[in-house]
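J.: Input coords-v4.cif, format and content: mmCIF, C-alpha atoms and all ligand atoms.
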data_coords
loop_
_atom_site.group_PDB
_atom_site.id
_atom_site.type_symbol
_atom_site.label_atom_id
_atom_site.label_comp_id
_atom_site.auth_asym_id
_atom_site.auth_seq_id
_atom_site.Cartn_x
_atom_site.Cartn_y
_atom_site.Cartn_z
ATOM 1 C CA MET A 1 154.002 160.514 154.044
ATOM 2 C CA GLU A 2 153.546 157.813 151.467
ATOM 3 C CA ARG A 3 151.553 154.712 152.333
ATOM 4 C CA ILE A 4 153.513 151.504 152.730
ATOM 5 C CA ASN A 5 150.447 149.217 152.623
ATOM 6 C CA ARG A 6 151.306 146.418 155.015
ATOM 7 C CA PRO A 7 149.114 143.346 154.293
ATOM 8 C CA PHE A 8 147.275 143.731 157.617
ATOM 9 C CA SER A 9 146.327 147.345 156.969
ATOM 10 C CA GLY A 10 143.685 148.729 154.695
ATOM 11 C CA ILE A 11 140.146 147.911 153.567
ATOM 12 C CA THR A 12 140.006 144.552 151.812
ATOM 13 C CA THR A 13 139.210 145.058 148.160
ATOM 14 C CA PHE A 14 140.843 143.117 145.329
ATOM 15 C CA LEU A 15 144.368 144.547 144.915
ATOM 16 C CA ARG A 16 143.217 147.626 146.886
ATOM 17 C CA THR A 17 141.119 148.779 143.945
ATOM 18 C CA LYS A 18 137.972 150.873 144.233
ATOM 19 C CA HIS A 19 134.831 149.043 145.307
ATOM 20 C CA THR A 20 131.845 150.149 143.299
ATOM 21 C CA GLU A 21 128.542 148.582 142.349
ATOM 22 C CA ASP A 22 127.621 151.446 140.038
ATOM 23 C CA PRO A 23 127.623 150.250 136.405
ATOM 24 C CA ALA A 24 128.565 153.781 135.316
ATOM 25 C CA ASP A 25 131.970 153.047 136.873
ATOM 26 C CA TYR A 26 132.326 149.792 134.894
ATOM 27 C CA LYS A 27 132.374 151.814 131.667
ATOM 28 C CA LYS A 28 135.447 153.630 132.927
ATOM 29 C CA ALA A 29 137.206 150.394 133.913
ATOM 30 C CA ALA A 30 138.945 147.648 131.926
ATOM 31 C CA ILE A 31 138.508 144.822 134.454
ATOM 32 C CA ALA A 32 135.743 144.138 136.965
ATOM 33 C CA VAL A 33 136.208 141.586 139.744
ATOM 34 C CA LEU A 34 133.018 140.060 141.149
ATOM 35 C CA GLY A 35 132.794 137.743 144.148
ATOM 36 C CA VAL A 36 130.151 135.024 144.185
ATOM 37 C CA PRO A 37 130.066 133.763 147.789
ATOM 38 C CA PHE A 38 127.782 130.835 147.058
ATOM 39 C CA ASP A 39 128.514 127.271 148.200
ATOM 40 C CA GLU A 40 125.071 125.724 148.443
ATOM 41 C CA GLY A 41 125.956 123.653 145.410
ATOM 42 C CA SER A 42 128.602 121.783 147.407
ATOM 43 C CA PRO A 43 127.513 118.238 148.237
ATOM 44 C CA PHE A 44 130.097 117.694 150.985
ATOM 45 C CA LEU A 45 131.692 120.350 153.228
ATOM 46 C CA PRO A 46 130.497 123.949 152.840
ATOM 47 C CA GLY A 47 132.763 126.983 153.189
ATOM 48 C CA SER A 48 133.805 128.123 149.716
ATOM 49 C CA ARG A 49 131.375 131.005 150.248
ATOM 50 C CA MET A 50 134.208 132.589 152.230
ATOM 51 C CA ALA A 51 136.677 132.470 149.309
ATOM 52 C CA PRO A 52 135.983 135.850 147.669
ATOM 53 C CA ARG A 53 136.715 137.570 150.985
ATOM 54 C CA ALA A 54 139.835 135.438 151.605
ATOM 55 C CA ILE A 55 141.184 136.097 148.109
ATOM 56 C CA ARG A 56 140.636 139.831 148.535
ATOM 57 C CA GLU A 57 142.491 139.663 151.859
ATOM 58 C CA HIS A 58 145.473 137.805 150.373
ATOM 59 C CA SER A 59 145.508 140.233 147.442
ATOM 60 C CA LEU A 60 146.520 142.920 149.960
ATOM 61 C CA ARG A 61 149.919 141.195 150.068
ATOM 62 C CA PHE A 62 150.678 142.173 146.462
ATOM 63 C CA PRO A 63 152.424 145.441 145.597
ATOM 64 C CA VAL A 64 150.183 148.102 144.074
ATOM 65 C CA LEU A 65 152.503 151.106 144.454
ATOM 66 C CA SER A 66 155.108 149.475 142.224
ATOM 67 C CA PRO A 67 154.769 146.865 139.453
ATOM 68 C CA ILE A 68 154.069 143.234 140.286
ATOM 69 C CA TYR A 69 157.151 141.406 138.974
ATOM 70 C CA ASP A 70 157.201 137.719 137.931
ATOM 71 C CA VAL A 71 160.753 136.526 138.532
ATOM 72 C CA ASP A 72 160.367 133.316 136.505
ATOM 73 C CA ALA A 73 158.745 134.930 133.476
ATOM 74 C CA ASP A 74 160.732 138.187 133.836
ATOM 75 C CA GLU A 75 157.519 140.124 133.235
ATOM 76 C CA THR A 76 155.702 142.832 135.137
ATOM 77 C CA TYR A 77 151.965 142.515 135.576
ATOM 78 C CA LEU A 78 149.021 144.916 135.737
ATOM 79 C CA TRP A 79 151.001 148.100 136.334
ATOM 80 C CA HIS A 80 149.162 150.098 133.662
ATOM 81 C CA GLU A 81 145.846 148.753 134.910
ATOM 82 C CA ILE A 82 146.502 149.386 138.609
ATOM 83 C CA SER A 83 148.194 152.765 138.322
ATOM 84 C CA ASN A 84 145.455 154.053 135.999
ATOM 85 C CA LYS A 85 142.671 152.623 138.187
ATOM 86 C CA LEU A 86 141.382 150.417 135.386
ATOM 87 C CA ILE A 87 140.521 147.541 137.738
ATOM 88 C CA ILE A 88 137.456 147.827 139.922
ATOM 89 C CA ASP A 89 136.167 145.548 142.652
ATOM 90 C CA ALA A 90 132.462 145.083 141.931
ATOM 91 C CA GLY A 91 131.824 143.555 145.341
ATOM 92 C CA ASP A 92 129.861 140.376 145.870
ATOM 93 C CA VAL A 93 126.703 138.880 144.466
ATOM 94 C CA ASP A 94 123.964 139.301 147.081
ATOM 95 C CA VAL A 95 123.291 135.619 147.761
ATOM 96 C CA ARG A 96 119.721 134.533 148.631
ATOM 97 C CA PRO A 97 120.197 131.720 151.156
ATOM 98 C CA ALA A 98 118.416 128.435 150.470
ATOM 99 C CA ASN A 99 117.185 129.705 147.107
ATOM 100 C CA ALA A 100 119.768 128.747 144.534
ATOM 101 C CA ALA A 101 117.552 129.589 141.557
ATOM 102 C CA ARG A 102 117.031 133.114 142.877
ATOM 103 C CA THR A 103 120.751 133.504 143.649
ATOM 104 C CA PHE A 104 121.577 132.450 140.095
ATOM 105 C CA ASP A 105 119.229 135.178 138.841
ATOM 106 C CA VAL A 106 121.155 137.684 140.947
ATOM 107 C CA ILE A 107 124.415 136.354 139.462
ATOM 108 C CA ARG A 108 122.939 136.819 135.970
ATOM 109 C CA ALA A 109 121.885 140.375 136.780
ATOM 110 C CA ARG A 110 125.347 141.315 138.049
ATOM 111 C CA VAL A 111 127.203 139.699 135.127
ATOM 112 C CA GLN A 112 124.782 141.369 132.692
ATOM 113 C CA GLU A 113 126.033 144.731 134.000
ATOM 114 C CA PHE A 114 129.518 143.718 132.824
ATOM 115 C CA VAL A 115 128.200 142.617 129.434
ATOM 116 C CA ASP A 116 126.318 145.910 129.020
ATOM 117 C CA THR A 117 129.383 148.001 129.853
ATOM 118 C CA GLY A 118 131.898 145.837 127.971
ATOM 119 C CA VAL A 119 134.217 145.433 130.956
ATOM 120 C CA PHE A 120 136.367 142.271 131.217
ATOM 121 C CA PRO A 121 134.877 139.946 133.859
ATOM 122 C CA VAL A 122 136.846 138.144 136.574
ATOM 123 C CA ILE A 123 134.532 136.014 138.698
ATOM 124 C CA ILE A 124 135.613 134.601 142.079
ATOM 125 C CA GLY A 125 133.531 131.754 143.580
ATOM 126 C CA GLY A 126 132.151 130.126 145.505
ATOM 127 C CA ASP A 127 131.693 126.587 144.340
ATOM 128 C CA HIS A 128 131.717 125.483 140.720
ATOM 129 C CA SER A 129 127.936 125.668 140.286
ATOM 130 C CA ILE A 130 128.262 129.391 139.563
ATOM 131 C CA THR A 131 129.973 128.920 136.201
ATOM 132 C CA TYR A 132 126.587 127.984 134.726
ATOM 133 C CA PRO A 133 124.815 131.362 135.157
ATOM 134 C CA VAL A 134 128.051 133.278 134.522
ATOM 135 C CA PHE A 135 128.843 131.747 131.122
ATOM 136 C CA GLU A 136 125.164 131.785 130.141
ATOM 137 C CA THR A 137 124.967 135.526 130.784
ATOM 138 C CA LEU A 138 128.187 136.354 128.940
ATOM 139 C CA ASN A 139 126.253 134.992 125.941
ATOM 140 C CA GLN A 140 129.225 135.301 123.616
ATOM 141 C CA PRO A 141 130.435 132.385 121.462
ATOM 142 C CA ALA A 142 133.482 130.819 123.086
ATOM 143 C CA HIS A 143 135.274 127.540 123.648
ATOM 144 C CA VAL A 144 135.033 126.702 127.349
ATOM 145 C CA ILE A 145 138.227 125.439 129.001
ATOM 146 C CA GLN A 146 137.725 123.881 132.405
ATOM 147 C CA PHE A 147 140.672 123.028 134.652
ATOM 148 C CA ASP A 148 139.301 120.513 137.128
ATOM 149 C CA ALA A 149 139.755 117.088 138.694
ATOM 150 C CA HIS A 150 136.081 116.315 138.047
ATOM 151 C CA GLN A 151 133.900 116.698 135.003
ATOM 152 C CA ASP A 152 131.018 118.531 136.755
ATOM 153 C CA CYS A 153 128.561 117.648 134.017
ATOM 154 C CA ASP A 154 126.167 115.224 135.690
ATOM 155 C CA GLU A 155 122.839 114.541 134.029
ATOM 156 C CA ILE A 156 120.018 116.618 135.457
ATOM 157 C CA THR A 157 117.812 114.222 137.427
ATOM 158 C CA GLU A 158 115.448 114.630 140.378
ATOM 159 C CA ASP A 159 115.416 118.394 139.672
ATOM 160 C CA LEU A 160 119.053 118.594 140.774
ATOM 161 C CA MET A 161 120.632 121.249 138.588
ATOM 162 C CA HIS A 162 122.267 123.879 140.787
ATOM 163 C CA THR A 163 125.031 121.744 142.317
ATOM 164 C CA ASN A 164 128.721 121.969 141.546
ATOM 165 C CA SER A 165 128.383 118.648 139.701
ATOM 166 C CA HIS A 166 126.102 120.206 137.065
ATOM 167 C CA PRO A 167 127.480 123.458 135.556
ATOM 168 C CA PHE A 168 129.024 121.963 132.420
ATOM 169 C CA ARG A 169 125.911 119.895 131.649
ATOM 170 C CA HIS A 170 124.086 123.224 131.243
ATOM 171 C CA ILE A 171 126.978 124.830 129.383
ATOM 172 C CA ILE A 172 127.464 122.168 126.688
ATOM 173 C CA ASN A 173 123.832 122.743 125.674
ATOM 174 C CA MET A 174 124.197 126.523 125.339
ATOM 175 C CA ASP A 175 124.372 128.055 121.863
ATOM 176 C CA ASN A 176 127.384 130.172 122.877
ATOM 177 C CA CYS A 177 129.442 127.098 123.903
ATOM 178 C CA LEU A 178 131.567 126.212 120.869
ATOM 179 C CA SER A 179 133.207 123.283 122.659
ATOM 180 C CA LEU A 180 134.244 122.110 126.094
ATOM 181 C CA THR A 181 137.806 121.151 127.042
ATOM 182 C CA GLN A 182 138.222 119.545 130.475
ATOM 183 C CA VAL A 183 141.828 119.453 131.716
ATOM 184 C CA GLY A 184 143.159 117.538 134.722
ATOM 185 C CA ILE A 185 140.316 115.008 134.964
ATOM 186 C CA ARG A 186 141.349 112.116 137.204
ATOM 187 C CA GLY A 187 140.606 109.965 140.216
ATOM 188 C CA LEU A 188 138.008 107.359 141.015
ATOM 189 C CA ARG A 189 134.874 109.495 141.087
ATOM 190 C CA ASN A 190 134.279 110.367 137.422
ATOM 191 C CA PRO A 191 131.779 107.847 136.024
ATOM 192 C CA ALA A 192 132.986 105.986 132.931
ATOM 193 C CA ALA A 193 129.726 106.749 131.132
ATOM 194 C CA LEU A 194 130.245 110.492 131.582
ATOM 195 C CA TYR A 195 133.894 110.321 130.620
ATOM 196 C CA ASN A 196 133.022 108.525 127.384
ATOM 197 C CA GLU A 197 129.919 110.597 126.692
ATOM 198 C CA MET A 198 131.813 113.892 126.674
ATOM 199 C CA LYS A 199 134.357 112.490 124.237
ATOM 200 C CA GLN A 200 131.601 111.056 122.025
ATOM 201 C CA LEU A 201 129.932 114.484 121.968
ATOM 202 C CA GLY A 202 133.176 115.846 120.506
ATOM 203 C CA HIS A 203 134.480 117.580 123.617
ATOM 204 C CA ASN A 204 138.062 117.265 124.861
ATOM 205 C CA VAL A 205 138.573 115.333 128.088
ATOM 206 C CA VAL A 206 142.224 115.571 129.058
ATOM 207 C CA ASN A 207 143.302 113.201 131.811
ATOM 208 C CA MET A 208 146.605 113.541 133.641
ATOM 209 C CA LYS A 209 148.495 111.189 131.332
ATOM 210 C CA GLN A 210 147.425 113.410 128.468
ATOM 211 C CA VAL A 211 148.297 116.583 130.392
ATOM 212 C CA HIS A 212 151.875 115.274 130.587
ATOM 213 C CA ALA A 213 151.931 114.014 127.010
ATOM 214 C CA LEU A 214 150.458 117.160 125.461
ATOM 215 C CA GLY A 215 152.280 119.769 127.518
ATOM 216 C CA ALA A 216 151.069 123.349 127.741
ATOM 217 C CA SER A 217 151.209 124.115 124.032
ATOM 218 C CA GLY A 218 149.493 120.831 123.165
ATOM 219 C CA ILE A 219 146.637 121.637 125.524
ATOM 220 C CA ALA A 220 146.261 125.120 124.023
ATOM 221 C CA ALA A 221 146.300 123.609 120.523
ATOM 222 C CA LEU A 222 143.182 121.545 121.281
ATOM 223 C CA ILE A 223 141.218 124.735 120.576
ATOM 224 C CA PRO A 224 141.525 126.296 117.104
ATOM 225 C CA ALA A 225 144.044 129.152 117.309
ATOM 226 C CA GLY A 226 142.543 132.618 117.426
ATOM 227 C CA GLU A 227 139.067 131.492 118.489
ATOM 228 C CA PRO A 228 137.660 132.967 121.708
ATOM 229 C CA VAL A 229 137.850 131.059 124.981
ATOM 230 C CA TYR A 230 136.251 131.258 128.406
ATOM 231 C CA ILE A 231 138.395 129.794 131.206
ATOM 232 C CA SER A 232 137.026 128.201 134.369
ATOM 233 C CA ILE A 233 139.568 127.138 136.993
ATOM 234 C CA ASP A 234 138.643 124.770 139.808
ATOM 235 C CA ILE A 235 141.522 124.828 142.307
ATOM 236 C CA ASP A 236 141.252 121.023 142.535
ATOM 237 C CA ALA A 237 142.895 120.790 139.111
ATOM 238 C CA LEU A 238 146.044 121.193 141.218
ATOM 239 C CA ASP A 239 147.399 118.252 143.162
ATOM 240 C CA MET A 240 145.717 117.761 146.544
ATOM 241 C CA SER A 241 149.040 118.222 148.359
ATOM 242 C CA LEU A 242 148.981 121.873 147.278
ATOM 243 C CA ILE A 243 145.434 122.655 148.374
ATOM 244 C CA PRO A 244 144.549 121.819 151.995
ATOM 245 C CA GLY A 245 141.809 124.450 151.744
ATOM 246 C CA CYS A 246 139.795 122.564 149.136
ATOM 247 C CA VAL A 247 137.361 119.783 149.941
ATOM 248 C CA SER A 248 137.581 117.999 146.591
ATOM 249 C CA GLY A 249 141.330 117.508 146.175
ATOM 250 C CA GLU A 250 142.537 114.409 144.349
ATOM 251 C CA PRO A 251 146.022 112.888 144.108
ATOM 252 C CA ASN A 252 148.070 113.000 140.919
ATOM 253 C CA GLY A 253 146.977 116.513 140.011
ATOM 254 C CA MET A 254 148.654 119.318 138.102
ATOM 255 C CA THR A 255 151.613 121.213 139.494
ATOM 256 C CA PHE A 256 151.419 124.985 139.767
ATOM 257 C CA ASN A 257 153.776 125.301 136.792
ATOM 258 C CA GLU A 258 151.708 122.945 134.651
ATOM 259 C CA LEU A 259 148.619 125.046 135.324
ATOM 260 C CA ILE A 260 150.252 128.437 134.771
ATOM 261 C CA ASP A 261 152.132 127.271 131.673
ATOM 262 C CA SER A 262 148.887 125.885 130.226
ATOM 263 C CA LEU A 263 147.030 129.112 130.986
ATOM 264 C CA ARG A 264 149.823 131.127 129.380
ATOM 265 C CA ALA A 265 149.835 128.959 126.259
ATOM 266 C CA ILE A 266 146.057 129.327 125.945
ATOM 267 C CA VAL A 267 146.083 133.089 126.484
ATOM 268 C CA GLU A 268 148.928 133.619 124.012
ATOM 269 C CA THR A 269 146.991 131.875 121.240
ATOM 270 C CA HIS A 270 143.351 132.785 121.985
ATOM 271 C CA PRO A 271 141.340 135.823 122.985
ATOM 272 C CA VAL A 272 139.803 135.331 126.440
ATOM 273 C CA ILE A 273 136.279 136.650 127.056
ATOM 274 C CA GLY A 274 136.534 136.230 130.834
ATOM 275 C CA PHE A 275 137.381 133.725 133.518
ATOM 276 C CA ASP A 276 136.225 132.344 136.816
ATOM 277 C CA PHE A 277 138.135 130.823 139.703
ATOM 278 C CA VAL A 278 136.323 128.545 142.155
ATOM 279 C CA GLU A 279 136.316 125.986 144.987
ATOM 280 C CA ILE A 280 138.748 127.374 147.539
ATOM 281 C CA ASN A 281 137.370 126.686 150.999
ATOM 282 C CA PRO A 282 139.031 128.999 153.562
ATOM 283 C CA MET A 283 137.223 127.232 156.422
ATOM 284 C CA LEU A 284 139.302 124.104 155.743
ATOM 285 C CA ASP A 285 142.545 125.910 154.996
ATOM 286 C CA VAL A 286 145.700 125.861 157.128
ATOM 287 C CA GLY A 287 146.471 128.809 159.393
ATOM 288 C CA THR A 288 148.570 130.663 156.845
ATOM 289 C CA GLY A 289 145.681 130.638 154.379
ATOM 290 C CA ALA A 290 148.069 128.949 151.941
ATOM 291 C CA THR A 291 145.318 127.759 149.596
ATOM 292 C CA SER A 292 143.665 131.171 149.468
ATOM 293 C CA TYR A 293 147.068 132.702 148.809
ATOM 294 C CA LEU A 294 147.797 130.188 146.051
ATOM 295 C CA GLY A 295 144.430 130.982 144.491
ATOM 296 C CA THR A 296 145.156 134.690 144.607
ATOM 297 C CA VAL A 297 148.509 134.090 142.901
ATOM 298 C CA ILE A 298 146.755 132.187 140.106
ATOM 299 C CA VAL A 299 144.119 134.901 139.592
ATOM 300 C CA VAL A 300 146.703 137.709 139.568
ATOM 301 C CA ASN A 301 149.092 135.709 137.374
ATOM 302 C CA LEU A 302 146.421 134.834 134.792
ATOM 303 C CA LEU A 303 145.090 138.381 134.730
ATOM 304 C CA GLY A 304 148.645 139.694 134.331
ATOM 305 C CA ILE A 305 149.340 137.379 131.401
ATOM 306 C CA ILE A 306 146.045 138.358 129.719
ATOM 307 C CA CYS A 307 146.915 142.053 130.060
ATOM 308 C CA ASN A 308 150.402 141.526 128.587
ATOM 309 C CA GLN A 309 149.049 140.277 125.251
ATOM 310 C CA PRO A 310 149.001 142.533 122.157
ATOM 311 C CA ARG A 311 145.230 142.017 121.830
ATOM 312 C CA TRP A 312 144.741 143.519 125.294
ATOM 313 C CA GLN A 313 146.296 146.731 124.004
ATOM 314 C CA ASP A 314 143.674 146.748 121.236
ATOM 315 C CA TYR A 315 140.933 146.333 123.829
ATOM 316 C CA LEU A 316 142.300 149.197 125.942
ATOM 317 C CA SER A 317 142.636 151.330 122.836
ATOM 318 C CA GLU A 318 138.989 150.686 121.899
ATOM 319 C CA ARG A 319 137.975 151.828 125.386
ATOM 320 C CA GLY A 320 140.275 154.862 125.285
ATOM 321 C CA MET A 321 142.362 153.504 128.156
ATOM 322 C CA LEU A 322 145.876 153.276 126.740
HETATM 323 MN MN MN B 401 134.793 121.610 139.513
#
Take the structure in this file and express it as structure tokens.

T.:
Amino acid sequence: MERINRPFSGITTFLRTKHTEDPADYKKAAIAVLGVPFDEGSPFLPGSRMAPRAIREHSLRFPVLSPIYDVDADETYLWHEISNKLIIDAGDVDVRPANAARTFDVIRARVQEFVDTGVFPVIIGGDHSITYPVFETLNQPAHVIQFDAHQDCDEITEDLMHTNSHPFRHIINMDNCLSLTQVGIRGLRNPAALYNEMKQLGHNVVNMKQVHALGASGIAALIPAGEPVYISIDIDALDMSLIPGCVSGEPNGMTFNELIDSLRAIVETHPVIGFDFVEINPMLDVGTGATSYLGTVIVVNLLGIICNQPRWQDYLSERGML
């Protein structure tokens, strides 16, 4: 009898892929998904530590015995990768409670395994603090594109450096950060000094008026075509009405289409070295887990678009995985 894989049945791994923490397996894979259940960088309500598990659970709702089909784009996603077992679930970072510096070292060690084996990294937070050790460890020159309501680049004062208000302050000072583009910035909680400082430093700060004026292709064109990008998606880039399971929602955010269209435009014109997806808080979510589901859709959709690009075929060919 063939399995029918109802969403409530089965062990929860990302898209029902193999869970392995053996780097030897990463060499045989094209994509590795790593959970980072860390939310000690959250200044308000904790709970995003539960997001990797929630996203894995909602991923069980996607077909894996037949292609994932995008009705709007008329594209299938990830069929080659799923049917050939090229995606692996690398499990979760082993968080060290109340020791953020040590946890970040563990994050670095896990991401380094991906760098060493050349596998494409998909990182699921957790709060936004984790982007700092992740991008640092990838250690590959790239333009960083951050979808977010908030800039998350506070000055480091009073030894505060591991919060979700700090990751991009670290990143803009890294040699491998070619530029920072912040998309969806809005609301009343981004200090004017910071907003102006990032622009003066030559980074792109795209507020919502500019999101509408530029459109998806205009946003993608802010980064020189063909140059590598790293993408970091904070779910609060989306409008707060869409994301009950996120503590930091703000009004006047992006629609789902604006986000996906922007991601598609970026991916079609730039090689992506990896991405992270952060700030879903399942403990605040509604009973259906709608925010966790929405997050899973975004991760699967972005990954599907990345794998449908001609340059992905080159990558698979290099790894002998076509
Ligand atoms: Mn953020």

J.: 7 Å from ligand MN 401 (chain B) is the threshold here; counting only C-alpha atoms and all ligand atoms, which polymer residues fall inside it? Answer as a list in words.

T.: His128, Asp148, Ala149, His150, Gln151, Asp152, Asn164 and Asp234 of chain A

J.: Which polymer residues, protein or nucleic acid, are no farther than 12 Å from (139.7, 121.5, 121.7), counting all atoms listed in the file, as JSON, numbers by chain?

T.: {"A": [142, 143, 144, 145, 146, 177, 178, 179, 180, 181, 182, 183, 199, 202, 203, 204, 205, 206, 218, 219, 220, 221, 222, 223, 224, 225, 227, 228, 229, 266, 270]}

J.: Considering all atoms listed in the file, state which residue in the set A:Tyr315, A:Phe104, A:Tyr195, A:Phe44 is at the smallest distance from A:Val247.

T.: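 Of A:Tyr315, A:Phe104, A:Tyr195, A:Phe44, the one nearest A:Val247, counting all atoms listed in the file, is A:Phe44.
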
J.: Just so the selection is clear, what residues does the PyMOL selection byres (((chain A and resi 46-53) around 9) and not hetatm) cover here, as number ranges by chain?

T.: A: 12-14, 34-45, 54-58, 92, 124-127, 246-247, 278-284, 292

J.: Restricting the calculation to all atoms listed in the file: of A:Asp116, A:Glu136, A:Glu81, A:Asp25, which residue gets closest to A:Asn176?

T.: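 Using all atoms listed in the file, the shortest distance to A:Asn176 belongs to A:Glu136.
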
J.: Can you spell out as a PDB file with C-alpha atoms, in the coordinates of the input the set of residues that the PyMOL selection byres (((chain A and resi 237) around 8) and not hetatm) selects in the structure I just provided?

T.:
ATOM      1  CA  PHE A 147     140.672 123.028 134.652  1.00  0.00           C
ATOM      2  CA  ASP A 148     139.301 120.513 137.128  1.00  0.00           C
ATOM      3  CA  ALA A 149     139.755 117.088 138.694  1.00  0.00           C
ATOM      4  CA  VAL A 183     141.828 119.453 131.716  1.00  0.00           C
ATOM      5  CA  GLY A 184     143.159 117.538 134.722  1.00  0.00           C
ATOM      6  CA  ILE A 185     140.316 115.008 134.964  1.00  0.00           C
ATOM      7  CA  ILE A 233     139.568 127.138 136.993  1.00  0.00           C
ATOM      8  CA  ASP A 234     138.643 124.770 139.808  1.00  0.00           C
ATOM      9  CA  ILE A 235     141.522 124.828 142.307  1.00  0.00           C
ATOM     10  CA  ASP A 236     141.252 121.023 142.535  1.00  0.00           C
ATOM     11  CA  LEU A 238     146.044 121.193 141.218  1.00  0.00           C
ATOM     12  CA  ASP A 239     147.399 118.252 143.162  1.00  0.00           C
ATOM     13  CA  GLY A 249     141.330 117.508 146.175  1.00  0.00           C
ATOM     14  CA  GLY A 253     146.977 116.513 140.011  1.00  0.00           C
ATOM     15  CA  MET A 254     148.654 119.318 138.102  1.00  0.00           C
TER      16      MET A 254
END

J.: Report as a PDB file with C-alpha atoms, in the coordinates of the input the residues that result from applying the PyMOL selection byres (((chain A and resi 305) around 10) and not hetatm) to the structure here.

T.:
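In the end it all went to result.pdb:
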ATOM      1  CA  ALA A  73     158.745 134.930 133.476  1.00  0.00           C
ATOM      2  CA  GLU A  75     157.519 140.124 133.235  1.00  0.00           C
ATOM      3  CA  THR A  76     155.702 142.832 135.137  1.00  0.00           C
ATOM      4  CA  TYR A  77     151.965 142.515 135.576  1.00  0.00           C
ATOM      5  CA  LEU A  78     149.021 144.916 135.737  1.00  0.00           C
ATOM      6  CA  ILE A 260     150.252 128.437 134.771  1.00  0.00           C
ATOM      7  CA  LEU A 263     147.030 129.112 130.986  1.00  0.00           C
ATOM      8  CA  ARG A 264     149.823 131.127 129.380  1.00  0.00           C
ATOM      9  CA  ALA A 265     149.835 128.959 126.259  1.00  0.00           C
ATOM     10  CA  VAL A 267     146.083 133.089 126.484  1.00  0.00           C
ATOM     11  CA  GLU A 268     148.928 133.619 124.012  1.00  0.00           C
ATOM     12  CA  VAL A 300     146.703 137.709 139.568  1.00  0.00           C
ATOM     13  CA  ASN A 301     149.092 135.709 137.374  1.00  0.00           C
ATOM     14  CA  LEU A 302     146.421 134.834 134.792  1.00  0.00           C
ATOM     15  CA  LEU A 303     145.090 138.381 134.730  1.00  0.00           C
ATOM     16  CA  GLY A 304     148.645 139.694 134.331  1.00  0.00           C
ATOM     17  CA  ILE A 306     146.045 138.358 129.719  1.00  0.00           C
ATOM     18  CA  CYS A 307     146.915 142.053 130.060  1.00  0.00           C
ATOM     19  CA  ASN A 308     150.402 141.526 128.587  1.00  0.00           C
ATOM     20  CA  GLN A 309     149.049 140.277 125.251  1.00  0.00           C
ATOM     21  CA  TRP A 312     144.741 143.519 125.294  1.00  0.00           C
TER      22      TRP A 312
END

J.: Reconstruct N, CA and C atoms of stretch 280-291 of chain A; output as a PDB file, in the frame of the given file.

T.:
ATOM      1  N   ILE A 280     137.909 127.269 146.338  1.00  0.00           N
ATOM      2  CA  ILE A 280     138.748 127.374 147.539  1.00  0.00           C
ATOM      3  C   ILE A 280     137.825 127.446 148.743  1.00  0.00           C
ATOM      4  N   ASN A 281     138.178 126.707 149.782  1.00  0.00           N
ATOM      5  CA  ASN A 281     137.370 126.686 150.999  1.00  0.00           C
ATOM      6  C   ASN A 281     138.219 127.159 152.180  1.00  0.00           C
ATOM      7  N   PRO A 282     138.173 128.456 152.491  1.00  0.00           N
ATOM      8  CA  PRO A 282     139.031 128.999 153.562  1.00  0.00           C
ATOM      9  C   PRO A 282     138.751 128.378 154.926  1.00  0.00           C
ATOM     10  N   MET A 283     137.551 127.817 155.117  1.00  0.00           N
ATOM     11  CA  MET A 283     137.223 127.232 156.422  1.00  0.00           C
ATOM     12  C   MET A 283     137.977 125.935 156.665  1.00  0.00           C
ATOM     13  N   LEU A 284     138.510 125.334 155.612  1.00  0.00           N
ATOM     14  CA  LEU A 284     139.302 124.104 155.743  1.00  0.00           C
ATOM     15  C   LEU A 284     140.803 124.377 155.660  1.00  0.00           C
ATOM     16  N   ASP A 285     141.159 125.610 155.331  1.00  0.00           N
ATOM     17  CA  ASP A 285     142.545 125.910 154.996  1.00  0.00           C
ATOM     18  C   ASP A 285     143.440 125.868 156.244  1.00  0.00           C
ATOM     19  N   VAL A 286     144.741 125.782 156.030  1.00  0.00           N
ATOM     20  CA  VAL A 286     145.700 125.861 157.128  1.00  0.00           C
ATOM     21  C   VAL A 286     145.798 127.316 157.601  1.00  0.00           C
ATOM     22  N   GLY A 287     146.446 127.499 158.744  1.00  0.00           N
ATOM     23  CA  GLY A 287     146.471 128.809 159.393  1.00  0.00           C
ATOM     24  C   GLY A 287     147.047 129.934 158.557  1.00  0.00           C
ATOM     25  N   THR A 288     147.990 129.616 157.682  1.00  0.00           N
ATOM     26  CA  THR A 288     148.570 130.663 156.845  1.00  0.00           C
ATOM     27  C   THR A 288     147.632 131.096 155.731  1.00  0.00           C
ATOM     28  N   GLY A 289     146.546 130.354 155.527  1.00  0.00           N
ATOM     29  CA  GLY A 289     145.681 130.638 154.379  1.00  0.00           C
ATOM     30  C   GLY A 289     146.376 130.295 153.072  1.00  0.00           C
ATOM     31  N   ALA A 290     147.215 129.257 153.100  1.00  0.00           N
ATOM     32  CA  ALA A 290     148.069 128.949 151.941  1.00  0.00           C
ATOM     33  C   ALA A 290     147.260 128.703 150.666  1.00  0.00           C
ATOM     34  N   THR A 291     146.107 128.060 150.800  1.00  0.00           N
ATOM     35  CA  THR A 291     145.318 127.759 149.596  1.00  0.00           C
ATOM     36  C   THR A 291     144.698 129.032 149.029  1.00  0.00           C
TER      37      THR A 291
END
